[in-house]
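Since the structure comes first, as structure tokens, the remarks are kept for the end.
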Amino acid sequence: MRIEGRVWVIEKDGKLIDDIDTDMIYHNKYLHITDKKEMAKYAFSNLEGWQDFPGKAKEGDIIIAGENFGCGSSRQHAVDCFIALGIKAIVAKSFGAIYKRNAINSGLAIVECKDIDKAGLKNGDVVEIDLENGDIKKDGKTIAKAKPMSPVQAAIYRAGGLFAYAKSI
């Protein structure tokens, strides 16, 4: 399984931002919103310098971030806002445990890559990610090696989420 998309490198002062919590991803003042399409416009609404992200993002884009992405609460909105925007994958050095589980269950591709900061990516670069072997390529050259999806994660992703997967077995 391969995906390709334009990247957004979530950084400040040339360094990937670590510990982006679910409140930075989706501020608690918008938790009353239940329409997923409406959620899209509030992605990164509480992350300094990234509040305009929803207006710039396009379907198929890929987010690149630092350590512990999605730490904090179990806020499902923090996954759903990216799905509503059409974000294809999130590549981070690591993920908060609850966020990781919510993303997998929702069918959002999350990719752990400890060395993604060394890949030299800039906003707008196009990458290809092989979810099964972990290769991340730019212009046909491998620039980073990520942790491959587990067979169960891949099956849930292919099905479009845990509920769809459960119906198929």
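Following the order of the structure tokens, chains are lettered A, B, ..., residues in each are numbered from 1, and ligands are numbered from 1.
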* To do: Within 7 Å of region 45-60 of chain A, counting only C-alpha atoms, which residues show up once you throw out same-chain ones fewer than 3 positions away? Write them as number ranges by chain, please.
  => A: 5, 23-27, 40-42, 85-88
Could those residues be written to a file, using N, CA and C atoms, as a PDB file, in the first residue's frame?
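Contents of out39.pdb, freshly written:
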```pdb
ATOM      1  N   GLY A   5       1.558  12.299  -1.308  1.00  0.00           N
ATOM      2  CA  GLY A   5       0.927  13.573  -1.012  1.00  0.00           C
ATOM      3  C   GLY A   5       1.929  14.668  -0.735  1.00  0.00           C
ATOM      4  N   ASP A  23      -5.537  19.392  22.441  1.00  0.00           N
ATOM      5  CA  ASP A  23      -6.136  20.717  22.552  1.00  0.00           C
ATOM      6  C   ASP A  23      -5.524  21.678  21.532  1.00  0.00           C
ATOM      7  N   MET A  24      -4.263  21.497  21.185  1.00  0.00           N
ATOM      8  CA  MET A  24      -3.639  22.300  20.135  1.00  0.00           C
ATOM      9  C   MET A  24      -4.189  21.896  18.768  1.00  0.00           C
ATOM     10  N   ILE A  25      -4.448  20.622  18.609  1.00  0.00           N
ATOM     11  CA  ILE A  25      -4.993  20.120  17.345  1.00  0.00           C
ATOM     12  C   ILE A  25      -6.438  20.582  17.167  1.00  0.00           C
ATOM     13  N   TYR A  26      -7.223  20.433  18.215  1.00  0.00           N
ATOM     14  CA  TYR A  26      -8.646  20.778  18.137  1.00  0.00           C
ATOM     15  C   TYR A  26      -9.065  21.350  19.482  1.00  0.00           C
ATOM     16  N   HIS A  27      -9.182  22.662  19.550  1.00  0.00           N
ATOM     17  CA  HIS A  27      -9.446  23.373  20.804  1.00  0.00           C
ATOM     18  C   HIS A  27     -10.763  22.935  21.434  1.00  0.00           C
ATOM     19  N   ALA A  40     -13.443  20.306  10.265  1.00  0.00           N
ATOM     20  CA  ALA A  40     -12.250  20.528   9.440  1.00  0.00           C
ATOM     21  C   ALA A  40     -11.677  21.925   9.611  1.00  0.00           C
ATOM     22  N   LYS A  41     -12.529  22.922   9.718  1.00  0.00           N
ATOM     23  CA  LYS A  41     -12.027  24.301   9.761  1.00  0.00           C
ATOM     24  C   LYS A  41     -11.363  24.683  11.072  1.00  0.00           C
ATOM     25  N   TYR A  42     -11.361  23.771  12.050  1.00  0.00           N
ATOM     26  CA  TYR A  42     -10.749  24.071  13.344  1.00  0.00           C
ATOM     27  C   TYR A  42      -9.478  23.254  13.620  1.00  0.00           C
ATOM     28  N   LEU A  85     -10.630  17.084   6.628  1.00  0.00           N
ATOM     29  CA  LEU A  85      -9.822  17.893   5.709  1.00  0.00           C
ATOM     30  C   LEU A  85      -9.292  17.072   4.531  1.00  0.00           C
ATOM     31  N   GLY A  86      -9.341  15.750   4.660  1.00  0.00           N
ATOM     32  CA  GLY A  86      -8.806  14.892   3.614  1.00  0.00           C
ATOM     33  C   GLY A  86      -7.322  14.602   3.770  1.00  0.00           C
ATOM     34  N   ILE A  87      -6.790  14.833   4.979  1.00  0.00           N
ATOM     35  CA  ILE A  87      -5.383  14.519   5.239  1.00  0.00           C
ATOM     36  C   ILE A  87      -5.199  13.015   5.042  1.00  0.00           C
ATOM     37  N   LYS A  88      -4.186  12.667   4.268  1.00  0.00           N
ATOM     38  CA  LYS A  88      -3.973  11.259   3.907  1.00  0.00           C
ATOM     39  C   LYS A  88      -3.195  10.504   4.974  1.00  0.00           C
TER      40      LYS A  88
END
```
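Between CA of Glu128 (chain A) and CA of Gly140 (chain A) there is a distance of 8.1 Å.
Here the question is which of A:Lys145, A:Arg6, A:His77, A:Lys29 gets nearest to Asp115 (chain A) using only C-alpha atoms, and that residue is A:Lys145.
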* **Distance query Asp117 (chain A) at most 12 Å, only C-alpha atoms, self and fewer than 3 positions along chain excluded, as a PyMOL selection string** => chain A and resi 9-11+14-18+64-67+91-94+112-114+120-122+143-146
Please write the residues from the selection above to a file, keeping C-alpha atoms, as a compact mmCIF listing (two decimals), in the first residue's frame.
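Output saved as out09.txt:
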```txt
# COMPACT_ATOMS: atom_id res chain seq x y z
CA VAL A 9 6.10 20.19 8.12
CA ILE A 10 4.79 21.31 11.50
CA GLU A 11 7.81 23.17 12.81
CA GLY A 14 13.34 25.06 11.82
CA LYS A 15 12.61 22.29 14.33
CA LEU A 16 9.68 19.87 14.33
CA ILE A 17 7.24 20.71 17.09
CA ASP A 18 7.06 18.04 19.80
CA ILE A 64 4.96 15.79 9.38
CA ALA A 65 5.47 16.36 13.12
CA GLY A 66 7.80 15.65 16.04
CA GLU A 67 7.59 13.48 19.14
CA VAL A 91 4.08 11.07 9.96
CA ALA A 92 5.56 11.78 13.39
CA LYS A 93 8.50 10.67 15.47
CA SER A 94 5.98 9.17 17.91
CA GLU A 112 6.05 6.47 13.09
CA CYS A 113 9.44 7.63 11.83
CA LYS A 114 12.09 8.44 14.43
CA GLY A 120 15.14 17.60 4.94
CA LEU A 121 11.48 18.00 4.01
CA LYS A 122 9.93 21.41 3.39
CA ILE A 143 14.79 9.67 2.42
CA ALA A 144 13.59 7.97 5.62
CA LYS A 145 12.59 4.60 6.98
CA ALA A 146 9.44 4.44 9.09
```
* To do: Taking the chain letters and numbering used in this document, name the residues of chain A that DSSP puts in strand (DSSP E), as a ChimeraX atom specification.
  => /A:2-9,11-12,15-16,62-65,89-92,109-112,126-130,135-138,141-145
